[in-house]
>>> print(open('start_33.cif').read())   # mmCIF, C-alpha atoms
data_work
#
loop_
_atom_site.label_atom_id
_atom_site.label_comp_id
_atom_site.auth_asym_id
_atom_site.auth_seq_id
_atom_site.Cartn_x
_atom_site.Cartn_y
_atom_site.Cartn_z
CA MET F 1 -11.28 38.31 63.89
CA THR F 2 -10.33 40.47 60.90
CA ILE F 3 -8.63 43.87 60.79
CA GLN F 4 -11.96 45.43 59.78
CA GLU F 5 -13.80 43.79 62.69
CA LEU F 6 -11.18 45.15 65.08
CA LYS F 7 -11.56 48.61 63.54
CA ASP F 8 -15.34 48.39 64.02
CA PHE F 9 -14.84 47.31 67.63
CA PHE F 10 -12.70 50.37 68.36
CA SER F 11 -14.91 52.81 66.51
CA LYS F 12 -17.70 51.90 68.96
CA SER F 13 -15.39 51.76 72.00
CA ASP F 14 -15.18 54.25 74.88
CA PHE F 15 -11.64 55.27 74.05
CA SER F 16 -10.86 58.86 73.09
CA GLU F 17 -10.72 59.98 69.48
CA ILE F 18 -6.96 60.49 69.85
CA SER F 19 -6.46 56.87 70.96
CA LYS F 20 -8.86 55.60 68.30
CA SER F 21 -6.93 57.47 65.67
CA LYS F 22 -3.63 56.00 66.93
CA ILE F 23 -5.16 52.51 66.87
CA MET F 24 -6.57 53.00 63.37
CA SER F 25 -3.17 54.06 62.11
CA ILE F 26 -1.65 50.92 63.68
CA LEU F 27 -4.24 48.83 61.85
CA ASP F 28 -4.10 50.70 58.55
CA GLY F 29 -2.28 48.84 55.84
CA LYS F 30 -1.99 45.65 57.89
CA GLU F 31 -3.14 42.42 56.33
CA LYS F 32 -2.99 40.06 59.26
CA LEU F 33 -3.41 40.34 63.02
CA GLY F 34 -0.38 39.30 65.01
CA ASN F 35 1.01 39.67 68.48
CA GLY F 36 3.00 42.75 67.50
CA ILE F 37 -0.16 44.62 66.44
CA PHE F 38 -1.98 43.68 69.63
CA SER F 39 1.00 44.77 71.74
CA GLN F 40 0.95 48.21 70.13
CA ILE F 41 -2.82 48.54 70.49
CA LYS F 42 -2.77 47.46 74.14
CA ALA F 43 -0.02 49.99 74.84
CA VAL F 44 -2.25 52.78 73.45
CA MET F 45 -5.21 51.53 75.53
CA GLN F 46 -3.11 51.29 78.68
CA GLU F 47 -1.73 54.78 78.11
CA GLU F 48 -5.27 56.17 78.08
CA LEU F 49 -6.25 54.15 81.15
CA ASP F 50 -3.21 55.47 83.02
CA SER F 51 -4.22 58.97 82.03
CA ASP F 52 -7.82 58.34 83.19
CA PHE F 53 -6.64 57.06 86.57
CA ASN F 54 -4.41 60.12 86.85
CA ASP F 55 -7.34 62.41 86.05
CA ALA F 56 -9.40 60.65 88.70
CA GLY F 57 -6.59 61.29 91.17
CA ILE F 58 -5.87 57.61 91.67
CA GLY F 59 -2.29 56.80 92.51
CA VAL F 60 -1.03 53.68 94.23
CA SER F 61 2.74 53.96 94.57
CA SER F 62 2.63 54.58 98.32
CA ASN F 63 0.47 51.49 98.68
CA PRO F 64 2.63 48.65 100.13
CA GLU F 65 0.96 46.11 97.87
CA ALA F 66 1.79 48.22 94.78
CA GLN F 67 5.35 48.71 96.02
CA ALA F 68 5.75 44.95 96.41
CA ALA F 69 4.30 44.41 92.91
CA LYS F 70 6.72 46.98 91.45
CA LYS F 71 9.66 45.39 93.24
CA ASP F 72 8.63 41.98 91.96
CA TYR F 73 8.23 43.38 88.43
CA ASP F 74 11.67 45.03 88.51
CA GLU F 75 13.30 41.87 89.84
CA LYS F 76 11.70 39.72 87.18
CA LEU F 77 12.84 42.10 84.44
CA GLU F 78 16.32 42.17 85.92
CA LYS F 79 16.42 38.37 85.90
CA ILE F 80 15.24 38.22 82.28
CA GLY F 81 17.93 40.75 81.35
CA SER F 82 20.62 38.75 83.17
CA GLU F 83 19.57 35.53 81.46
CA LEU F 84 19.72 37.25 78.08
CA ASP F 85 23.18 38.59 78.96
CA GLU F 86 24.34 35.10 79.88
CA ASP F 87 22.99 33.66 76.65
CA MET F 88 24.66 36.35 74.56
CA ASN F 89 27.97 35.89 76.38
CA PHE F 90 27.70 32.17 75.80
CA LEU F 91 27.00 32.78 72.12
CA GLU F 92 29.91 35.17 71.73
CA ASN F 93 32.32 32.76 73.42
CA GLU F 94 31.12 29.84 71.34
CA LEU F 95 31.47 31.85 68.11
CA LYS F 96 34.98 32.80 69.17
CA ASP F 97 35.93 29.16 69.80
CA LEU F 98 34.35 28.17 66.52
CA GLU F 99 36.45 30.78 64.76
CA GLU F 100 39.60 29.20 66.19
CA MET F 101 38.54 25.82 64.84
CA ARG F 102 37.71 27.40 61.50
CA ASN F 103 41.23 28.80 61.26
CA GLN F 104 42.69 25.37 61.93
CA VAL F 105 40.50 23.85 59.24
CA ILE F 106 41.45 26.56 56.75
CA LYS F 107 45.07 25.70 57.41
CA ALA F 108 44.36 22.02 56.74
CA ASP F 109 42.36 23.01 53.64
CA ASP F 110 45.31 25.01 52.32
CA ASP F 111 47.68 22.13 53.04
CA ILE F 112 45.46 19.63 51.22
CA LYS F 113 45.17 21.92 48.21
CA ALA F 114 48.91 22.55 48.13
CA ASP F 115 49.42 18.80 48.32
CA LYS F 116 47.05 18.29 45.39
CA ILE F 117 49.04 20.76 43.34
CA ARG F 118 52.23 18.98 44.24
CA GLN F 119 50.71 15.67 43.22
CA SER F 120 49.57 17.11 39.90
CA ILE F 121 53.17 17.89 38.98
CA MET N 1 -9.85 70.37 105.05
CA LYS N 2 -6.12 70.30 105.83
CA GLN N 3 -6.27 66.51 105.75
CA THR N 4 -7.94 66.53 102.30
CA ILE N 5 -5.26 68.83 100.89
CA GLU N 6 -2.58 66.56 102.34
CA GLN N 7 -4.30 63.50 100.87
CA ASN N 8 -4.52 65.14 97.44
CA LYS N 9 -0.83 65.98 97.63
CA ASN N 10 -0.04 62.35 98.42
CA ASN N 11 -2.20 61.20 95.53
CA GLN N 12 -0.38 63.56 93.16
CA ASN N 13 2.96 62.18 94.36
CA ASP N 14 1.67 58.64 93.84
CA ILE N 15 0.47 59.47 90.33
CA GLU N 16 3.90 60.82 89.45
CA LYS N 17 5.49 57.63 90.70
CA ASP N 18 2.90 55.43 89.00
CA LYS N 19 4.25 56.17 85.56
CA VAL N 20 4.44 53.03 83.45
CA PRO N 21 7.75 51.34 84.26
CA ALA N 22 10.55 51.98 81.84
CA GLU N 23 11.06 49.31 79.22
CA SER N 24 14.36 48.42 80.76
CA ILE N 25 14.52 44.97 79.25
CA THR N 26 13.80 46.38 75.82
CA SER N 27 16.62 48.84 76.04
CA LYS N 28 18.83 46.14 77.49
CA GLY N 29 17.66 43.81 74.77
CA GLU N 30 18.50 46.43 72.19
CA GLU N 31 21.95 46.91 73.69
CA ARG N 32 22.46 43.17 73.65
CA TYR N 33 21.11 43.03 70.15
CA GLU N 34 23.56 45.72 69.06
CA LYS N 35 26.37 43.75 70.64
CA LEU N 36 25.15 40.55 69.10
CA SER N 37 24.73 42.18 65.70
CA HIS N 38 28.30 43.36 65.94
CA SER N 39 29.45 39.93 66.98
CA LEU N 40 27.46 38.27 64.23
CA SER N 41 28.59 40.83 61.75
CA ASN N 42 32.12 39.74 62.61
CA ALA N 43 30.99 36.15 62.41
CA LYS N 44 29.44 36.89 59.02
CA THR N 45 32.74 38.18 57.77
CA LYS N 46 34.38 35.11 59.22
CA VAL N 47 31.87 32.71 57.77
CA GLY N 48 31.80 34.70 54.56
CA SER N 49 35.50 34.08 54.24
CA TRP N 50 35.08 30.46 55.29
CA PHE N 51 35.75 29.08 51.85
CA LYS N 52 36.98 32.32 50.48
CA SER N 53 40.49 32.38 51.91
CA GLY N 54 41.23 28.96 50.50
CA PHE N 55 39.39 29.47 47.24
CA ASP N 56 40.71 32.97 46.70
CA LYS N 57 44.19 31.55 46.77
CA MET N 58 43.13 28.88 44.33
CA GLY N 59 41.33 31.49 42.24
CA ARG N 60 44.51 33.53 42.00
CA LEU N 61 46.40 30.38 41.10
CA LEU N 62 43.92 29.68 38.34
CA LYS N 63 44.45 33.15 37.01
CA GLY N 64 48.18 32.68 37.32
CA GLY N 65 48.55 35.70 39.53
CA ALA N 66 49.90 33.85 42.51
CA VAL N 67 51.97 31.28 40.76
CA ALA N 68 55.13 33.15 41.59
CA ALA N 69 54.22 32.98 45.24
CA LEU N 70 54.76 29.24 45.31
CA SER N 71 57.78 28.40 47.36
CA THR N 72 59.90 26.35 44.97
CA PRO N 73 60.63 26.67 41.23
CA GLU N 74 59.14 23.18 40.83
CA ALA N 75 55.99 24.18 42.57
CA ALA N 76 55.83 27.37 40.54
CA ALA N 77 56.21 25.32 37.40
CA ALA N 78 53.49 23.02 38.66
CA GLY N 79 51.27 26.01 39.29
CA ALA N 80 51.85 27.27 35.77
CA LYS N 81 51.05 23.82 34.42
CA PHE N 82 47.95 23.76 36.57
CA VAL N 83 46.81 27.05 35.11
CA THR N 84 47.24 25.87 31.57
CA GLN N 85 45.33 22.69 32.40
CA LYS N 86 42.41 24.30 34.18
CA THR N 87 39.91 22.77 31.79
CA THR N 88 41.15 19.30 32.70
CA GLU N 89 39.40 17.28 35.36
CA GLY N 90 41.54 18.64 38.20
CA GLY N 91 41.14 22.21 37.06
CA GLN N 92 37.42 21.83 36.59
CA PHE N 93 37.15 20.35 40.09
CA VAL N 94 38.75 23.43 41.62
CA ALA N 95 36.74 25.82 39.43
CA ASN N 96 33.52 24.10 40.51
CA LYS N 97 34.55 24.29 44.11
CA VAL N 98 35.25 28.00 43.78
CA GLU N 99 31.78 28.47 42.39
CA GLN N 100 30.16 26.35 45.11
CA GLY N 101 32.12 28.17 47.76
CA VAL N 102 30.95 31.53 46.48
CA ASP N 103 27.34 30.30 46.39
CA PHE N 104 27.67 29.09 49.94
CA ILE N 105 29.14 32.40 51.08
CA ASP N 106 26.39 34.41 49.36
CA MET N 107 23.69 32.24 50.84
CA LYS N 108 25.00 32.49 54.37
CA ALA N 109 25.61 36.21 54.14
CA ASP N 110 22.09 36.83 52.83
CA GLN N 111 20.58 34.70 55.54
CA LEU N 112 22.54 36.47 58.23
CA ASP N 113 21.77 39.94 56.89
CA GLU N 114 18.11 39.10 57.01
CA TRP N 115 18.49 37.59 60.47
CA VAL N 116 20.29 40.63 61.84
CA GLU N 117 17.65 42.97 60.44
CA LYS N 118 14.63 40.98 61.42
CA THR N 119 15.52 39.18 64.61
CA TYR N 120 14.86 41.87 67.16
CA GLU N 121 11.77 43.05 65.33
CA SER N 122 10.46 39.52 64.98
CA ALA N 123 11.27 38.73 68.60
CA SER N 124 8.20 40.75 69.55
CA GLN N 125 6.01 39.25 66.82
CA PHE N 126 4.71 36.03 68.23
CA THR N 127 2.44 33.68 66.42
CA ASN N 128 0.90 30.87 68.39
CA GLU N 129 3.42 28.50 66.86
CA LYS N 130 6.28 30.79 67.84
CA VAL N 131 5.05 31.04 71.42
CA ARG N 132 5.00 27.25 71.57
CA ALA N 133 8.46 26.96 70.01
CA THR N 134 9.88 29.66 72.30
CA LYS N 135 8.44 28.01 75.41
CA GLU N 136 9.93 24.74 74.25
CA PHE N 137 13.30 26.45 73.77
CA ILE N 138 13.08 27.91 77.31
CA SER N 139 12.32 24.51 78.80
CA GLN N 140 15.11 22.83 76.83
CA LYS N 141 17.76 25.54 77.01
CA ALA N 142 19.92 23.87 79.65
CA GLU N 143 19.85 20.67 77.59
CA LYS N 144 20.81 22.58 74.44
CA VAL N 145 23.77 24.22 76.20
CA LYS N 146 24.93 20.74 77.28
CA ASP N 147 24.55 19.50 73.70
CA PHE N 148 26.68 22.42 72.49
CA ALA N 149 29.41 21.35 74.92
CA ILE N 150 29.30 17.74 73.69
CA ASP N 151 29.23 18.84 70.04
CA LYS N 152 32.20 21.10 70.67
CA VAL N 153 34.31 18.24 72.03
CA GLU N 154 33.34 16.08 69.06
CA LEU N 155 34.10 18.85 66.59
CA ALA N 156 37.44 19.61 68.27
CA GLN N 157 38.32 15.92 67.99
CA ALA N 158 37.34 15.91 64.32
CA VAL N 159 39.51 18.99 63.73
CA ALA N 160 42.44 17.35 65.53
CA SER N 161 41.99 14.22 63.45
CA LEU N 162 41.86 16.32 60.26
CA LEU N 163 45.09 18.05 61.20
CA GLN N 164 46.72 14.64 61.52
CA GLU N 165 45.25 12.99 58.44
CA LYS N 166 44.64 15.70 55.91
CA THR N 167 42.14 14.00 53.64
CA ALA N 168 39.51 15.71 51.50
CA LYS N 169 36.80 13.49 52.99
CA LYS N 170 37.62 14.54 56.55
CA LEU N 171 37.97 18.14 55.44
CA ASN N 172 34.47 18.22 53.97
CA SER N 173 32.98 16.55 57.00
CA VAL N 174 34.64 19.03 59.40
CA LYS N 175 33.55 21.96 57.24
CA GLU N 176 30.00 20.73 57.42
CA GLY N 177 30.39 20.36 61.17
CA VAL N 178 31.60 23.93 61.58
CA ALA N 179 28.90 25.36 59.30
CA GLY N 180 26.24 23.32 61.13
CA ARG N 181 27.43 24.49 64.52
CA TRP N 182 27.47 28.08 63.32
CA GLY N 183 23.86 27.72 62.17
CA ARG N 184 22.81 26.21 65.50
CA LEU N 185 24.53 28.99 67.45
CA VAL N 186 22.79 31.66 65.39
CA GLU N 187 19.48 29.87 66.00
CA PHE N 188 20.27 29.79 69.71
CA GLY N 189 20.81 33.57 69.67
CA ARG N 190 17.54 34.15 67.87
CA ASN N 191 15.65 31.96 70.33
CA SER N 192 17.29 33.61 73.34
CA ILE N 193 16.13 37.05 72.25
CA ALA N 194 12.62 35.74 71.52
CA ALA N 195 12.54 34.03 74.94
CA ALA N 196 13.52 37.24 76.74
CA GLU N 197 10.90 39.21 74.81
CA LEU N 198 8.17 36.66 75.49
CA LYS N 199 8.97 36.61 79.21
CA ARG N 200 9.06 40.41 79.28
CA GLN N 201 5.64 40.64 77.65
CA GLU N 202 4.16 38.17 80.12
CA VAL N 203 5.67 39.93 83.17
CA LYS N 204 4.55 43.34 81.94
CA LYS N 205 1.01 42.15 81.21
CA ALA N 206 0.68 40.64 84.70
CA TYR N 207 2.06 43.80 86.32
CA GLN N 208 -0.25 46.14 84.42
CA GLN N 209 -3.27 43.98 85.22
CA GLN N 210 -2.33 44.07 88.89
CA MET N 211 -1.92 47.85 88.89
CA ASN N 212 -5.20 48.38 87.03
CA SER N 213 -7.01 46.20 89.59
CA MET N 214 -5.53 48.13 92.50
CA LYS N 215 -6.48 51.46 90.99
CA MET N 216 -9.97 50.21 90.20
CA ALA N 217 -10.41 49.09 93.80
CA ILE N 218 -9.53 52.59 95.02
CA LEU N 219 -11.80 54.20 92.47
CA GLU N 220 -14.66 51.92 93.48
CA ARG N 221 -14.26 53.04 97.07
CA GLN N 222 -14.73 56.59 95.79
CA ALA N 223 -17.67 55.54 93.64
CA VAL N 224 -20.13 58.00 95.08
CA ILE N 225 -18.09 61.02 94.05
CA GLN N 226 -16.51 59.62 90.89
CA GLN N 227 -19.31 57.44 89.54
CA GLU N 228 -19.07 58.68 85.98
CA LYS N 229 -15.29 58.24 85.77
CA LEU N 230 -15.59 54.82 87.37
CA GLU N 231 -18.10 53.61 84.78
CA LYS N 232 -16.00 54.91 81.90
CA ILE N 233 -12.79 53.31 83.16
CA LYS N 234 -14.65 50.06 83.90
CA ALA N 235 -15.88 49.99 80.30
CA LYS N 236 -12.38 50.64 78.97
CA ILE N 237 -10.85 47.93 81.13
CA ALA N 238 -13.51 45.51 79.90
CA GLN N 239 -12.60 46.50 76.33
CA LEU N 240 -8.91 45.98 77.05
CA GLN N 241 -9.77 42.50 78.32
CA GLN N 242 -11.80 41.89 75.16
CA VAL N 243 -8.78 42.87 73.05
CA GLU N 244 -6.70 40.41 75.05
CA SER N 245 -9.21 37.71 74.25
CA PHE N 246 -9.17 38.74 70.54
CA GLU N 247 -5.40 38.44 70.69
CA ALA N 248 -5.61 34.98 72.26
CA ASN N 249 -8.10 33.91 69.57
CA ALA N 250 -5.92 35.33 66.80
CA MET N 251 -2.97 33.36 68.16
CA THR N 252 -4.87 30.09 68.11
CA ALA N 253 -6.54 30.71 64.75
#
>>> encode(input="start_33.cif", output="structure tokens")
Amino acid sequence: MTIQELKDFFSKSDFSEISKSKIMSILDGKEKLGNGIFSQIKAVMQEELDSDFNDAGIGVSSNPEAQAAKKDYDEKLEKIGSELDEDMNFLENELKDLEEMRNQVIKADDDIKADKIRQSI
Amino acid sequence: MKQTIEQNKNNQNDIEKDKVPAESITSKGEERYEKLSHSLSNAKTKVGSWFKSGFDKMGRLLKGGAVAALSTPEAAAAGAKFVTQKTTEGGQFVANKVEQGVDFIDMKADQLDEWVEKTYESASQFTNEKVRATKEFISQKAEKVKDFAIDKVELAQAVASLLQEKTAKKLNSVKEGVAGRWGRLVEFGRNSIAAAELKRQEVKKAYQQQMNSMKMAILERQAVIQQEKLEKIKAKIAQLQQVESFEANAMTA
């Protein structure tokens, strides 16, 4: 699929002119389709769908099944966030330890160079 | 009639609560990214000065500026001699090393600048190859953390050995070890952010699909009175699914 084919698809789609215009501006100037472009486009589409459901008076948050899905979603996001936190803490600690080693090596480097100078006397 | 009004009120409340969930992981990711950028920015300074502290001293020696700083008159004399002989083999060796060190610093700093600028942005830009690599990273993360621990012990031993026997050969090997570890840690950070973003996208997609299905089911039950809206939303959901299949095709192309 090319950018132009995707533009053609949307021009014939059922989405509003506002959404189409947002999607066209996402696609304008792009040379290659990638996940980032699709994510932005899907967000625009979902925004309009949410608005359509709202207009139709469809809400589900008091539905136990939807509440369970939301809870599950929040928990999964929380877990992903915690894992990322752990990884970043790990990284920071490792960089700190590496810095200590670096300082020791610099000291040895200085000593070796000083020794070389002494030997060149 | 009273019941219908009550039901409408409930629906309105539900709609308010149905707002698309906040991108909490994104904001968290951004916070983490900020923190990481700061940490790496410090690391950049540290790595940037990796050769610099040693070579700057040597550079000043070459220029004669720091000769007086040498601790003994003999050493100072030696420094002066060294300066005058900088075109000799020994002098050339140090001059070359200064140059190499500066090249190394520039290269690392450029790479890191680019990494800091692009990492978070690129974490949400997945090619098929990147999805595969990120999934592989997720499955092997525990193993990688273990490897880091083993590497650290080995590097610490190498540093200890260098401190005992201060030879140029050991020094170069340990420097390579530290630079290599730094590179692997930076790569680990990049992969961690990509992994979190990939997982977030997958979780969000599944959640939105589930919510759309639930809402469609309700709308279908009201089909008689909302037929037109139902058809329109059905068409849009089918088009959203088509875009998802375009995306999948683009990723495998």
>>> atom_distance(input="start_33.cif", atom1="atom CA of N:Asn249", atom2="atom CA of N:Lys236")
19.7 Å
>>> resolve_selection(input="start_33.cif", expression="the PyMOL selection byres ((chain F and resi 9) around 12)", output="PDB file with C-alpha atoms, keeping the file's coordinate frame")
ATOM      1  CA  MET F   1     -11.280  38.310  63.890  1.00  0.00           C
ATOM      2  CA  THR F   2     -10.330  40.470  60.900  1.00  0.00           C
ATOM      3  CA  ILE F   3      -8.630  43.870  60.790  1.00  0.00           C
ATOM      4  CA  GLN F   4     -11.960  45.430  59.780  1.00  0.00           C
ATOM      5  CA  GLU F   5     -13.800  43.790  62.690  1.00  0.00           C
ATOM      6  CA  LEU F   6     -11.180  45.150  65.080  1.00  0.00           C
ATOM      7  CA  LYS F   7     -11.560  48.610  63.540  1.00  0.00           C
ATOM      8  CA  ASP F   8     -15.340  48.390  64.020  1.00  0.00           C
ATOM      9  CA  PHE F  10     -12.700  50.370  68.360  1.00  0.00           C
ATOM     10  CA  SER F  11     -14.910  52.810  66.510  1.00  0.00           C
ATOM     11  CA  LYS F  12     -17.700  51.900  68.960  1.00  0.00           C
ATOM     12  CA  SER F  13     -15.390  51.760  72.000  1.00  0.00           C
ATOM     13  CA  ASP F  14     -15.180  54.250  74.880  1.00  0.00           C
ATOM     14  CA  PHE F  15     -11.640  55.270  74.050  1.00  0.00           C
ATOM     15  CA  LYS F  20      -8.860  55.600  68.300  1.00  0.00           C
ATOM     16  CA  ILE F  23      -5.160  52.510  66.870  1.00  0.00           C
ATOM     17  CA  MET F  24      -6.570  53.000  63.370  1.00  0.00           C
TER      18      MET F  24
ATOM     19  CA  GLN N 239     -12.600  46.500  76.330  1.00  0.00           C
ATOM     20  CA  LEU N 240      -8.910  45.980  77.050  1.00  0.00           C
ATOM     21  CA  GLN N 242     -11.800  41.890  75.160  1.00  0.00           C
ATOM     22  CA  VAL N 243      -8.780  42.870  73.050  1.00  0.00           C
ATOM     23  CA  PHE N 246      -9.170  38.740  70.540  1.00  0.00           C
TER      24      PHE N 246
END
>>> atom_distance(input="start_33.cif", atom1="atom CA of F:Asn103", atom2="atom CA of F:Ser120")
25.7 Å
>>> interface_residues(input="start_33.cif", of="chain F", to="chain N", cutoff="8 Å", atoms="all atoms listed in the file", output="PyMOL selection string")
chain F and resi 1+13-15+33-36+38+42+45+49-50+52-54+56-62+66+69-70+73+76-78+80-81+83-85+87-88+91-92+94-95+98-99+101-102+104-106+108-112+117-118+120-121
>>> atom_distance(input="start_33.cif", atom1="atom CA of F:Glu47", atom2="atom CA of N:Ile225")
23.7 Å
>>> decode(input="start_33.cif", residues="stretch 157-175 of chain N", atoms="N, CA and C atoms", output="JSON list (two decimals), in the first residue's frame")
[["chain", "number", "residue", "atom", "x", "y", "z"],
["N", 157, "GLN", "N", 37.11, -7.13, 37.82],
["N", 157, "GLN", "CA", 38.36, -7.89, 38.00],
["N", 157, "GLN", "C", 39.46, -7.32, 37.09],
["N", 158, "ALA", "N", 39.08, -7.00, 35.87],
["N", 158, "ALA", "CA", 40.05, -6.43, 34.93],
["N", 158, "ALA", "C", 40.58, -5.08, 35.44],
["N", 159, "VAL", "N", 39.66, -4.28, 36.03],
["N", 159, "VAL", "CA", 40.07, -2.98, 36.57],
["N", 159, "VAL", "C", 41.04, -3.20, 37.73],
["N", 160, "ALA", "N", 40.69, -4.16, 38.61],
["N", 160, "ALA", "CA", 41.55, -4.45, 39.77],
["N", 160, "ALA", "C", 42.93, -4.89, 39.30],
["N", 161, "SER", "N", 42.94, -5.73, 38.26],
["N", 161, "SER", "CA", 44.21, -6.22, 37.74],
["N", 161, "SER", "C", 45.02, -5.07, 37.12],
["N", 162, "LEU", "N", 44.32, -4.16, 36.45],
["N", 162, "LEU", "CA", 44.99, -2.99, 35.87],
["N", 162, "LEU", "C", 45.61, -2.13, 36.96],
["N", 163, "LEU", "N", 44.89, -1.97, 38.06],
["N", 163, "LEU", "CA", 45.41, -1.13, 39.14],
["N", 163, "LEU", "C", 46.67, -1.73, 39.75],
["N", 164, "GLN", "N", 46.75, -3.08, 39.67],
["N", 164, "GLN", "CA", 47.96, -3.73, 40.20],
["N", 164, "GLN", "C", 49.11, -3.65, 39.20],
["N", 165, "GLU", "N", 48.80, -4.07, 37.97],
["N", 165, "GLU", "CA", 49.85, -4.06, 36.93],
["N", 165, "GLU", "C", 49.48, -2.99, 35.92],
["N", 166, "LYS", "N", 50.04, -1.86, 36.05],
["N", 166, "LYS", "CA", 49.63, -0.74, 35.18],
["N", 166, "LYS", "C", 50.35, -0.81, 33.84],
["N", 167, "THR", "N", 49.84, -1.67, 32.95],
["N", 167, "THR", "CA", 50.45, -1.76, 31.63],
["N", 167, "THR", "C", 49.52, -1.15, 30.59],
["N", 168, "ALA", "N", 50.12, -0.65, 29.52],
["N", 168, "ALA", "CA", 49.33, 0.01, 28.46],
["N", 168, "ALA", "C", 48.38, -0.99, 27.82],
["N", 169, "LYS", "N", 48.81, -2.26, 27.71],
["N", 169, "LYS", "CA", 47.98, -3.27, 27.07],
["N", 169, "LYS", "C", 46.70, -3.48, 27.89],
["N", 170, "LYS", "N", 46.89, -3.65, 29.20],
["N", 170, "LYS", "CA", 45.72, -3.84, 30.07],
["N", 170, "LYS", "C", 44.83, -2.62, 30.05],
["N", 171, "LEU", "N", 45.48, -1.46, 30.05],
["N", 171, "LEU", "CA", 44.72, -0.20, 30.06],
["N", 171, "LEU", "C", 43.79, -0.13, 28.85],
["N", 172, "ASN", "N", 44.34, -0.43, 27.67],
["N", 172, "ASN", "CA", 43.52, -0.35, 26.45],
["N", 172, "ASN", "C", 42.38, -1.35, 26.49],
["N", 173, "SER", "N", 42.70, -2.54, 26.98],
["N", 173, "SER", "CA", 41.67, -3.58, 27.03],
["N", 173, "SER", "C", 40.53, -3.17, 27.98],
["N", 174, "VAL", "N", 40.89, -2.60, 29.14],
["N", 174, "VAL", "CA", 39.86, -2.18, 30.11],
["N", 174, "VAL", "C", 39.05, -1.01, 29.54],
["N", 175, "LYS", "N", 39.73, -0.10, 28.86],
["N", 175, "LYS", "CA", 39.01, 1.03, 28.25],
["N", 175, "LYS", "C", 37.98, 0.52, 27.25]]
